[in-house]
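All remarks here apply to the structure that follows.
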4 protein chains.
Amino acid sequence: MTIEVGIIGATGYTGSELTRILTQHNQIDLSMITSRSFAGKKISDVHPYLEGICDQKLSNPSIDDIKKLDVVFLALPHGVSMKFVKKIGLNGPRIIDLSGDFRLKNKNTYEQWYEMNHEFPAALDSAVYGLPELFRKDIADAQLVANPGCYPTSTILALAPALNQDFLDVSSISVDSKSGVTGAGAKPSETTHFPRANEDFRAYKVGKHRHTPEIEEILTENSGKEINVLFTPHLVPLNRGILTTVYAKSKNKINKEELLDAYNSFYETEPFVRVRKNPPNVQSVRGSNYCDVFPVKIDRTNQIVLLSAIDNLVKGAAGQAVQNMNIMLDFNEKQGISHIPLSP
Amino acid sequence: MTIEVGIIGATGYTGSELTRILTQHNQIDLSMITSRSFAGKKISDVHPYLEGICDQKLSNPSIDDIKKLDVVFLALPHGVSMKFVKKIGLNGPRIIDLSGDFRLKNKNTYEQWYEMNHEFPAALDSAVYGLPELFRKDIADAQLVANPGCYPTSTILALAPALNQDFLDVSSISVDSKSGVTGAGAKPSETTHFPRANEDFRAYKVGKHRHTPEIEEILTENSGKEINVLFTPHLVPLNRGILTTVYAKSKNKINKEELLDAYNSFYETEPFVRVRKNPPNVQSVRGSNYCDVFPVKIDRTNQIVLLSAIDNLVKGAAGQAVQNMNIMLDFNEKQGISHIPLSP
Amino acid sequence: MTIEVGIIGATGYTGSELTRILTQHNQIDLSMITSRSFAGKKISDVHPYLEGICDQKLSNPSIDDIKKLDVVFLALPHGVSMKFVKKIGLNGPRIIDLSGDFRLKNKNTYEQWYEMNHEFPAALDSAVYGLPELFRKDIADAQLVANPGCYPTSTILALAPALNQDFLDVSSISVDSKSGVTGAGAKPSETTHFPRANEDFRAYKVGKHRHTPEIEEILTENSGKEINVLFTPHLVPLNRGILTTVYAKSKNKINKEELLDAYNSFYETEPFVRVRKNPPNVQSVRGSNYCDVFPVKIDRTNQIVLLSAIDNLVKGAAGQAVQNMNIMLDFNEKQGISHIPLSP
Amino acid sequence: MTIEVGIIGATGYTGSELTRILTQHNQIDLSMITSRSFAGKKISDVHPYLEGICDQKLSNPSIDDIKKLDVVFLALPHGVSMKFVKKIGLNGPRIIDLSGDFRLKNKNTYEQWYEMNHEFPAALDSAVYGLPELFRKDIADAQLVANPGCYPTSTILALAPALNQDFLDVSSISVDSKSGVTGAGAKPSETTHFPRANEDFRAYKVGKHRHTPEIEEILTENSGKEINVLFTPHLVPLNRGILTTVYAKSKNKINKEELLDAYNSFYETEPFVRVRKNPPNVQSVRGSNYCDVFPVKIDRTNQIVLLSAIDNLVKGAAGQAVQNMNIMLDFNEKQGISHIPLSP
């Protein structure tokens with residue numbers, strides 16, 4: 001029996017990256033790719049790199065058509081996504097939502113940070129946060145998976161083992177993240193105009209980015225301790241990649257080796273997390289589903305620095321979404337996402 | 001029976017790209033990767049992006065060990081490569097040489113442009129130029145394949161159909177090529193120092209680049225007409241990609257459609273050449289084995305402009321080498337090299 | 001007596017570059033900077049790099065106010081600029097127009113290439129093409145200067161000496177230009193979206209760019225020969241700079257030295273043209289008003305290659321406009337534009 | 001009376017930037033530029049952008065010749081610089097040393113972090129740390145100025161006002177700095193090879209960089225409190241610029257406005273520090289001597305984030321050195337360094 005899969009919103013960066021990956025996935029049939037703006041065109045007319053590889057037509061299907069699928073990926077803006085989930089419902093196709101709409105458990109927190117009403121709060125409870133390294137079992141059975149944000153993926157994977165071992169003074173966590181420009185999406189803007197982003201580097205939304213409560217909720221849930229973080233994103237003049245540097249005071253007198261051992265042990269069986277021996281870099285994960293992590297203890301100041309690198313469009317979005325699908329459908333978890341990083 | 005394959009010189013850009021590709025090739029066994037400088041180390045120590053993917057040790061084998069292989073890729077500098085071919089001989093493993101040592105038929109031309117003696121001229125005659133679109137049949141039976149240069153690949157594929165149809169005034173061909181910086185190799189130099197190459201653009205070796213006679217010999221052989229070209233390479237501040245713009249006077253009064261038809265017809269059955277409807281760009285072929293071509297007739301000045309785009313490390317080197325191996329071993333020609341371009 | 005100067009349209013790249021230059025010009029008073037969109041704001045609110053340097057308010061003045069100025073720079077889109085020139089008239093302030101509206105002498109040519117009616121054709125005849133190296137005397141007395149396009153500046157300065165000496169077969173001129181992304185203006189678009197322009201290289205408007213007739217008219221006027229060129233622009237992933245590579249058959253049997261001598265002699269007294277001994281590069285002129293040129297004869301194919309490099313926003317726009325103003329007002333021609341290139 | 005000035009080591013990035021600046025300084029005579037490797041060549045042969053601007057010959061003078069100068073800039077590697085200072089002595093020309101050799105007061109600290117013996121410890125005491133915003137008066141009278149490192153300049157200027165007001169919990173300071181690639185110097189290396197640095201982002205020397213004790217000593221001296229910092233540098237794929245993000249717990253319940261006021265008041269009369277209203281960016285200071293700072297209080301987590309941006313070659317090296325010279329010679333402090341940032 002073929003698994004019928006659809007991508008709702010296939011022309012943005014997340015959607016086209018899903019297309020790139022699912023086109024070569026052996027166990028599913030990518031039977032629907034949609035776009036309101038480009039319906040009727042071939043996706044290879046919108047993204048010429050796909051010519052001869054995926055020349056499928058973009059459609060603008062009814063909800064009933066979408067409901068016939070087995071798995072639906074929603075690659076839509078937040079606010080739009082929740083409307084689709086509500087219409088599709090929770091007893092039809094299994095849904096992997098790549099927006100921020102179902103990542104927070106608390107409706108009020110959502111409404112405060114996203115500055116809009118949540119139209120389908122009833123689904124918040126049953127939605128499973130799609131970070132396989134922490135929630136693999138729940139994902140397997142989920143009807144609705146909230147695929148993690150790119151910054152939270154890199155931050156949580158950097159912090160989880162240290163918090164799990166209670167190594168950190170949780171009152172002092174600062175997260176300094178640096179993202180390539182695809183993180184800002186496919187739509188041109190002042191900030192992403194080439195001459196402005198190129199040869200520039202800046203921080204933005206200091207302490208105010210929407211990924212902050214997502215990081216806090218998941219780490220709190222996972223560690224059993226109330227976790228607050230100061231999160232500062234920066235824009236790097238490159239296309240793909242997030243490097244996150246986390247700072248915290250060390251709680252106990254652990255040494256470098258104990259710290260490294262904790263990470264090696266935590267991620268020992270993970271197919272997509274590599275604990276490195278040196279600071280990671282974004283080029284070494286580009287185009288792949290890897291998250292490279294590197295913990296280090298600085299004895300002079302009794303601080304711990306946790307570093308992680310991902311490709312924001314793969315492990316930070318489309319790749320992780322397919323990893324979740326593989327888990328939900330009991331496929332080999334690496335099916336379709338075993339791309340070797342493209343470097344240099 | 002397993003096909004045993006080796007890469008001699010696996011740590012340069014061409015060699016590591018061969019490793020990236022052959023690691024996921026289903027029909028061969030990559031049983032030897034060599035490096036004089038890094039022998040004993042794992043290739044993933046030299047190229048961290050390969051960690052967990054290819055942790056094979058680099059060796060420095062004897063010629064006798066190399067001779068036991070079925071296929072040998074030589075990813076060595078010119079001058080060094082010819083010594084290896086001579087030692088391996090032409091009755092052992094089949095050889096795919098990625099250097100310039102066996103691309104020219106004429107020993108004197110080689111010695112003039114490469115400014116060194118050719119130490120194995122006896123092999124020049126039997127070497128087959130490994131451009132499948134022109135020489136597929138000869139490649140199938142070749143003992144020694146001279147894998148084309150990156151600039152010649154993009155130039156010849158842009159020009160061949162037009163020359164084949166006798167569309168061009170052959171006295172007026174100018175080739176303006178632009179290459180990303182990986183084309184200069186993995187070894188740091190003044191020219192490739194980041195602050196110098198970044199935010200810069202320059203021409204180099206105007207009319208004097210070694211790929212000139214390669215382009216001329218192959219086009220002359222293929223078209224039956226004496227072809228001379230002025231070839232000017234430029235350095236573009238990006239990692240991967242060559243865009244070539246060829247200028248020539250139109251010989252006859254052909255129109256746009258006739259020109260396009262000739263290209264569509266010439267490349268109709270080619271798995272890796274895409275005739276585009278718009279000027280090609282290097283991002284749309286990055287990481288893939290595609291060559292995108294686009295011919296256009298400018299009636300105002302009765303000139304023809306031929307554009308092509310490749311990834312210099314894939315179709316311009318490692319990918320084409322594997323394509324040649326597939327042909328030599330009667331595999332599916334796309335085996336191991338069907339990567340979808342990574343864009344953006 | 002102070003010279004009162006205004007910039008109409010001060011917030012685009014050309015306008016803000018004029019502001020950068022004129023702020024430090026010792027002999028004029030920058031008394032008006034305008035913007036329809038940002039009127040009332042300080043220019044340093046729009047361009048934060050100007051804070052503390054130029055905190056002047058942007059205005060939206062009446063034509064009568066503009067008429068009180070001594071010199072007006074129009075940094076407006078074509079089509080808009082001609083309306084302003086018409087309203088200001090040709091007996092008020094001296095006008096330096098940086099758009100394409102008054103560069104062509106022939107109204108029909110304008111209307112064909114710019115696809116709109118020309119609303120002030122009466123001014124076409126009296127407008128002087130503001131390329132000091134060719135038209136310095138006319139500029140000195142001009143009421144209306146049409147400041148050259150960026151591509152034509154680099155192309156004409158590369159070609160003029162060779163055409164002047166009748167070195168070229170004029171039936172075979174191909175111009176291959178490569179521009180940084182600021183050449184596309186300050187307004188975000190698909191083409192200039194960072195992830196798309198970065199790590200990409202492409203040709204556009206092959207044989208169809210509006211700068212083509214400008215190049216042809218000026219070279220025809222200057223050389224006395226009917227000149228047609230095939231002009232192909234390309235987009236380079238860097239902010240500032242144009243490198244132009246011109247190809248032509250050599251007419252006579254000149255040698256390298258004669259060619260170089262002709263260039264040295266032609267530009268001997270020019271303050272802003274440097275005849276180089278090696279191929280020029282855009283980084284070596286960045287932020288400055290220099291045009292670096294380099295001619296070379298290739299004997300093998302009897303072709304001539306002419307290279308030039310400029311900063312498209314300085315010698316290709318704002319710097320040259322100020323150079324023209326200096327000539328018109330009999331100032332030292334280098335006043336305010338003697339910036340040393342910023343490299344690296 | 002003319003002031004005779006020399007640059008020892010004029011061909012590296014710091015030295016050539018000094019040349020760029022001093023060539024247009026009105027009150028001194030740049031009478032000596034030296035280079036051991038290129039002695040006898042013109043500096044414009046080494047740096048073609050200087051052709052026609054500074055065609056002075058590089059020399060390899062004796063110490064006696066150097067001693068005849070009024071002011072000497074040492075743009076040499078650490079370790080080499082101290083030998084020159086020792087030979088020149090402290091009763092000849094006034095010396096501005098751009099290396100790290102005289103920035104630390106404590107010989108042992110130097111030897112521990114720089115891993116070499118200090119050959120002229122006697123001069124450590126009298127050397128003045130050349131950060132005008134903190135030590136202007138001492139600089140005026142100094143015989144030997146130790147010009148600050150690039151990272152320390154950006155870090156200290158970000159932290160000083162907050163420490164001065166005792167706003168920070170000093171046990172929790174983390175400094176996350178990001179530098180363009182010119183910070184690594186002009187010499188090609190693996191790390192700065194274009195294909196490797198481009199489209200990459202990485203941390204390096206986490207907690208181990210030599211600028212750490214420099215930051216700590218100066219902040220301790222200036223604030224009167226023992227200051228320790230965790231300092232983590234990162235490499236950004238751009239040429240010029242450092243952005244520093246400092247994290248610390250807030251000590252008291254100050255609000256945003258109090259914080260901003262403290263900065264405005266501290267830097268009120270400073271010609272080269274701009275307190276911004278939004279997060280700063282490196283493009284807005286490129287090519288200029290400005291340091292842009294921006295403090296922000298995050299109430300949620302009671303943390304303070306301090307941001308600063310400089311051009312590492314100007315305010316981070318050559319520009320600040322000339323600022324120091326201007327102070328030492330009682331010139332207008334902005335003489336020769338009032339370049340407007342080059343943006344975009």
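Residue numbering restarts at 1 for every chain of the structure tokens, chains are lettered A, B, ... in their displayed order, and ligands are numbered from 1 as they appear.
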Exercise answer, chain C residues close to chain B, 9 Å and only C-alpha atoms, as an NGL selection string: :C and (171-172 or 174 or 176 or 178 or 180 or 195-208 or 228-230 or 232 or 236-243 or 245 or 247-249 or 278-284 or 296-298 or 300-301 or 303 or 305 or 307 or 309 or 343-344)
Based on DSSP run over this structure's backbone, return all residues of range 58-240 of chain C in strand (DSSP E or B), as an MDAnalysis selection string. chainID C and resid 59 71:74 94:97 128:129 144:146 168 174:179 193 202:203 230:235
Selection: 7 Å around Ile156 in chain C, only C-alpha atoms, excl. self and same-chain fewer than 4 positions, as a ChimeraX atom specification: /C:152,160,215,219
Next, write the just-selected residues to a file, as a tab-separated table (two decimals), in the first residue's frame, keeping all heavy atoms as the atom set.
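Output file selection-v5.tsv is given in full below:
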chain	number	residue	atom	x	y	z
C	152	PRO	N	27.96	51.61	-19.05
C	152	PRO	CA	28.60	52.40	-20.11
C	152	PRO	C	29.90	53.06	-19.67
C	152	PRO	O	30.86	53.11	-20.44
C	152	PRO	CB	27.52	53.44	-20.46
C	152	PRO	CG	26.23	52.75	-20.15
C	152	PRO	CD	26.52	51.93	-18.92
C	160	ALA	N	37.41	53.24	-25.60
C	160	ALA	CA	37.70	54.49	-26.32
C	160	ALA	C	39.10	54.58	-26.92
C	160	ALA	O	39.24	54.88	-28.12
C	160	ALA	CB	37.39	55.69	-25.42
C	215	ILE	N	25.97	52.92	-24.92
C	215	ILE	CA	27.35	52.59	-25.29
C	215	ILE	C	27.58	52.84	-26.78
C	215	ILE	O	28.58	53.45	-27.19
C	215	ILE	CB	27.64	51.10	-24.95
C	215	ILE	CG1	27.59	50.87	-23.43
C	215	ILE	CG2	28.98	50.66	-25.53
C	215	ILE	CD1	27.51	49.39	-23.03
C	219	LEU	N	30.12	55.78	-28.33
C	219	LEU	CA	31.31	55.30	-29.04
C	219	LEU	C	31.26	55.68	-30.52
C	219	LEU	O	32.30	55.97	-31.12
C	219	LEU	CB	31.45	53.78	-28.87
C	219	LEU	CG	31.87	53.32	-27.47
C	219	LEU	CD1	31.87	51.80	-27.38
C	219	LEU	CD2	33.25	53.88	-27.10
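Residues within 10 Å of Lys87 in chain A, counting only C-alpha atoms and excluding same-chain residues fewer than 3 positions away, are Ile63, Asp64, Ile66, Lys67, Met82, Lys83, Phe84, Leu90 and Phe120 of chain A.
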Please provide as an MDAnalysis selection string all residues within 9 Å of range 9-24 of chain A, with the sequence filter that same-chain residues fewer than 4 positions apart are discarded (counting only C-alpha atoms). (chainID A and resid 5 28:30 33:36 38 43 46:47 50 53:54 58 73:76 98 182:183 185:187 313:314 317:319 321:322 336:337) or (chainID B and resid 340:344)
Backbone-only DSSP, helix (DSSP H, G or I) members of range 88-307 of chain B, as a VMD selection string: chain B and resid 88 107 to 114 121 to 123 132 to 141 150 to 164 170 to 172 181 to 184 194 to 197 211 to 223 256 to 266 282 to 285
Residues of the last selection are to be written out with C-alpha atoms, as a PDB file, in the first residue's frame.
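To be explicit, this is the file written out as selection.pdb:
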ATOM      1  CA  ILE B  88      50.239   1.313 -12.821  1.00  0.00           C
ATOM      2  CA  LYS B 107      52.755  15.709 -26.627  1.00  0.00           C
ATOM      3  CA  ASN B 108      54.234  18.978 -27.841  1.00  0.00           C
ATOM      4  CA  THR B 109      51.101  20.943 -27.107  1.00  0.00           C
ATOM      5  CA  TYR B 110      51.130  19.452 -23.619  1.00  0.00           C
ATOM      6  CA  GLU B 111      54.741  20.355 -23.015  1.00  0.00           C
ATOM      7  CA  GLN B 112      54.285  23.868 -24.304  1.00  0.00           C
ATOM      8  CA  TRP B 113      51.239  24.729 -22.184  1.00  0.00           C
ATOM      9  CA  TYR B 114      52.130  22.733 -19.067  1.00  0.00           C
ATOM     10  CA  PRO B 121      53.480   9.973 -24.061  1.00  0.00           C
ATOM     11  CA  ALA B 122      52.816   6.401 -25.209  1.00  0.00           C
ATOM     12  CA  ALA B 123      49.502   6.515 -23.323  1.00  0.00           C
ATOM     13  CA  PRO B 132      30.158  11.240 -22.070  1.00  0.00           C
ATOM     14  CA  GLU B 133      28.026  13.527 -24.203  1.00  0.00           C
ATOM     15  CA  LEU B 134      30.618  13.339 -26.990  1.00  0.00           C
ATOM     16  CA  PHE B 135      32.571  10.150 -26.390  1.00  0.00           C
ATOM     17  CA  ARG B 136      30.282   7.729 -24.549  1.00  0.00           C
ATOM     18  CA  LYS B 137      31.094   4.735 -26.722  1.00  0.00           C
ATOM     19  CA  ASP B 138      34.842   5.124 -26.482  1.00  0.00           C
ATOM     20  CA  ILE B 139      34.601   5.615 -22.737  1.00  0.00           C
ATOM     21  CA  ALA B 140      32.771   2.302 -22.344  1.00  0.00           C
ATOM     22  CA  ASP B 141      35.826   0.421 -23.574  1.00  0.00           C
ATOM     23  CA  CYS B 150      36.114  22.032 -15.362  1.00  0.00           C
ATOM     24  CA  TYR B 151      36.288  24.979 -17.772  1.00  0.00           C
ATOM     25  CA  PRO B 152      36.457  22.707 -20.859  1.00  0.00           C
ATOM     26  CA  THR B 153      33.409  20.734 -19.683  1.00  0.00           C
ATOM     27  CA  SER B 154      31.318  23.881 -19.463  1.00  0.00           C
ATOM     28  CA  THR B 155      32.744  25.369 -22.664  1.00  0.00           C
ATOM     29  CA  ILE B 156      32.529  22.292 -24.866  1.00  0.00           C
ATOM     30  CA  LEU B 157      28.992  21.442 -23.797  1.00  0.00           C
ATOM     31  CA  ALA B 158      27.979  25.038 -24.565  1.00  0.00           C
ATOM     32  CA  LEU B 159      29.587  25.034 -27.999  1.00  0.00           C
ATOM     33  CA  ALA B 160      29.258  21.497 -29.354  1.00  0.00           C
ATOM     34  CA  PRO B 161      25.684  21.605 -30.743  1.00  0.00           C
ATOM     35  CA  ALA B 162      26.207  24.963 -32.469  1.00  0.00           C
ATOM     36  CA  LEU B 163      29.482  23.832 -34.039  1.00  0.00           C
ATOM     37  CA  ASN B 164      27.924  20.532 -34.996  1.00  0.00           C
ATOM     38  CA  VAL B 170      34.679  29.923 -36.128  1.00  0.00           C
ATOM     39  CA  SER B 171      37.131  32.791 -36.493  1.00  0.00           C
ATOM     40  CA  SER B 172      35.431  34.810 -33.779  1.00  0.00           C
ATOM     41  CA  VAL B 181      37.059  29.614  -5.733  1.00  0.00           C
ATOM     42  CA  THR B 182      37.117  25.826  -5.175  1.00  0.00           C
ATOM     43  CA  GLY B 183      38.381  25.720  -8.763  1.00  0.00           C
ATOM     44  CA  ALA B 184      41.721  26.909  -7.396  1.00  0.00           C
ATOM     45  CA  PHE B 194      39.282  35.124   2.051  1.00  0.00           C
ATOM     46  CA  PRO B 195      39.629  38.906   2.453  1.00  0.00           C
ATOM     47  CA  ARG B 196      41.183  39.120  -0.974  1.00  0.00           C
ATOM     48  CA  ALA B 197      38.783  36.902  -2.937  1.00  0.00           C
ATOM     49  CA  HIS B 211      42.453  24.697 -20.595  1.00  0.00           C
ATOM     50  CA  THR B 212      42.620  26.581 -23.904  1.00  0.00           C
ATOM     51  CA  PRO B 213      44.310  23.828 -25.984  1.00  0.00           C
ATOM     52  CA  GLU B 214      42.039  21.219 -24.395  1.00  0.00           C
ATOM     53  CA  ILE B 215      38.962  23.105 -25.555  1.00  0.00           C
ATOM     54  CA  GLU B 216      40.442  23.606 -29.015  1.00  0.00           C
ATOM     55  CA  GLU B 217      41.564  20.001 -29.561  1.00  0.00           C
ATOM     56  CA  ILE B 218      38.270  18.465 -28.526  1.00  0.00           C
ATOM     57  CA  LEU B 219      36.124  20.906 -30.471  1.00  0.00           C
ATOM     58  CA  THR B 220      38.333  20.497 -33.526  1.00  0.00           C
ATOM     59  CA  GLU B 221      38.130  16.719 -33.300  1.00  0.00           C
ATOM     60  CA  ASN B 222      34.400  16.760 -32.755  1.00  0.00           C
ATOM     61  CA  SER B 223      33.402  19.355 -35.357  1.00  0.00           C
ATOM     62  CA  LYS B 256      16.260  31.740 -32.108  1.00  0.00           C
ATOM     63  CA  GLU B 257      14.009  28.736 -32.479  1.00  0.00           C
ATOM     64  CA  GLU B 258      16.323  26.872 -34.848  1.00  0.00           C
ATOM     65  CA  LEU B 259      19.145  27.440 -32.420  1.00  0.00           C
ATOM     66  CA  LEU B 260      17.158  26.188 -29.448  1.00  0.00           C
ATOM     67  CA  ASP B 261      15.903  23.188 -31.423  1.00  0.00           C
ATOM     68  CA  ALA B 262      19.446  22.174 -32.263  1.00  0.00           C
ATOM     69  CA  TYR B 263      20.322  22.149 -28.577  1.00  0.00           C
ATOM     70  CA  ASN B 264      17.198  20.295 -27.532  1.00  0.00           C
ATOM     71  CA  SER B 265      17.803  17.690 -30.160  1.00  0.00           C
ATOM     72  CA  PHE B 266      21.532  17.306 -29.419  1.00  0.00           C
ATOM     73  CA  VAL B 282      25.238  28.200 -10.904  1.00  0.00           C
ATOM     74  CA  GLN B 283      23.062  27.838  -7.802  1.00  0.00           C
ATOM     75  CA  SER B 284      20.591  25.701  -9.768  1.00  0.00           C
ATOM     76  CA  VAL B 285      23.236  23.031 -10.392  1.00  0.00           C
TER      77      VAL B 285
END
Skip Gln323 in chain A itself and residues of its chain fewer than 3 positions away, then list as a CSV table (one decimal) with all heavy atoms, in the first residue's frame all residues within 6 Å of it, counting only C-alpha atoms.
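Writing done, so here's out00.csv:
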chain,number,residue,atom,x,y,z
A,320,GLN,N,14.1,17.4,9.6
A,320,GLN,CA,13.6,16.9,10.9
A,320,GLN,C,12.1,16.5,10.7
A,320,GLN,O,11.6,15.5,11.3
A,320,GLN,CB,13.7,18.0,12.0
A,320,GLN,CG,13.2,17.5,13.3
A,320,GLN,CD,14.0,18.2,14.5
A,320,GLN,OE1,15.0,17.7,14.9
A,320,GLN,NE2,13.6,19.4,14.9
A,326,ASN,N,9.2,9.5,9.3
A,326,ASN,CA,9.8,8.1,9.3
A,326,ASN,C,9.5,7.4,10.7
A,326,ASN,O,9.1,6.2,10.7
A,326,ASN,CB,11.3,8.2,9.1
A,326,ASN,CG,11.7,8.5,7.7
A,326,ASN,OD1,10.9,8.4,6.8
A,326,ASN,ND2,12.9,9.0,7.5
A,333,GLU,N,14.6,5.3,10.3
A,333,GLU,CA,14.6,6.8,10.6
A,333,GLU,C,15.4,7.6,9.6
A,333,GLU,O,15.2,8.8,9.5
A,333,GLU,CB,15.1,6.9,12.0
A,333,GLU,CG,14.7,8.3,12.6
A,333,GLU,CD,14.9,8.3,14.1
A,333,GLU,OE1,14.7,7.3,14.8
A,333,GLU,OE2,15.3,9.4,14.6
I'd like the neighbourhood of Asp125 in chain A as number ranges by chain, where a residue qualifies if any of its atoms comes within 9 Å (using only C-alpha atoms), though same-chain residues fewer than 5 positions away should be ignored. A: 102, 105-106
Since we have the selection now, will you write its residues out, keeping all heavy atoms, as a PDB file, in the first residue's frame?
ATOM      1  N   PHE A 102       1.653  25.076  17.004  1.00  0.00           N
ATOM      2  CA  PHE A 102       1.321  24.040  17.992  1.00  0.00           C
ATOM      3  C   PHE A 102       2.516  23.612  18.844  1.00  0.00           C
ATOM      4  O   PHE A 102       2.530  22.533  19.420  1.00  0.00           O
ATOM      5  CB  PHE A 102       0.677  22.834  17.283  1.00  0.00           C
ATOM      6  CG  PHE A 102      -0.624  23.191  16.636  1.00  0.00           C
ATOM      7  CD1 PHE A 102      -0.675  23.578  15.297  1.00  0.00           C
ATOM      8  CD2 PHE A 102      -1.801  23.209  17.377  1.00  0.00           C
ATOM      9  CE1 PHE A 102      -1.876  23.955  14.714  1.00  0.00           C
ATOM     10  CE2 PHE A 102      -3.013  23.580  16.793  1.00  0.00           C
ATOM     11  CZ  PHE A 102      -3.047  23.960  15.453  1.00  0.00           C
ATOM     12  N   LYS A 105       2.492  24.640  24.672  1.00  0.00           N
ATOM     13  CA  LYS A 105       1.332  23.994  25.304  1.00  0.00           C
ATOM     14  C   LYS A 105       0.342  25.031  25.807  1.00  0.00           C
ATOM     15  O   LYS A 105      -0.851  24.800  25.860  1.00  0.00           O
ATOM     16  CB  LYS A 105       1.803  23.133  26.501  1.00  0.00           C
ATOM     17  CG  LYS A 105       2.523  21.867  26.094  1.00  0.00           C
ATOM     18  CD  LYS A 105       1.566  20.887  25.443  1.00  0.00           C
ATOM     19  CE  LYS A 105       2.317  19.736  24.765  1.00  0.00           C
ATOM     20  NZ  LYS A 105       1.844  19.519  23.394  1.00  0.00           N
ATOM     21  N   ASN A 106       0.875  26.194  26.205  1.00  0.00           N
ATOM     22  CA  ASN A 106       0.067  27.191  26.875  1.00  0.00           C
ATOM     23  C   ASN A 106      -0.462  28.222  25.887  1.00  0.00           C
ATOM     24  O   ASN A 106       0.294  28.981  25.290  1.00  0.00           O
ATOM     25  CB  ASN A 106       0.926  27.855  27.955  1.00  0.00           C
ATOM     26  CG  ASN A 106       0.112  28.779  28.822  1.00  0.00           C
ATOM     27  OD1 ASN A 106      -0.663  29.601  28.317  1.00  0.00           O
ATOM     28  ND2 ASN A 106       0.279  28.636  30.137  1.00  0.00           N
TER      29      ASN A 106
END
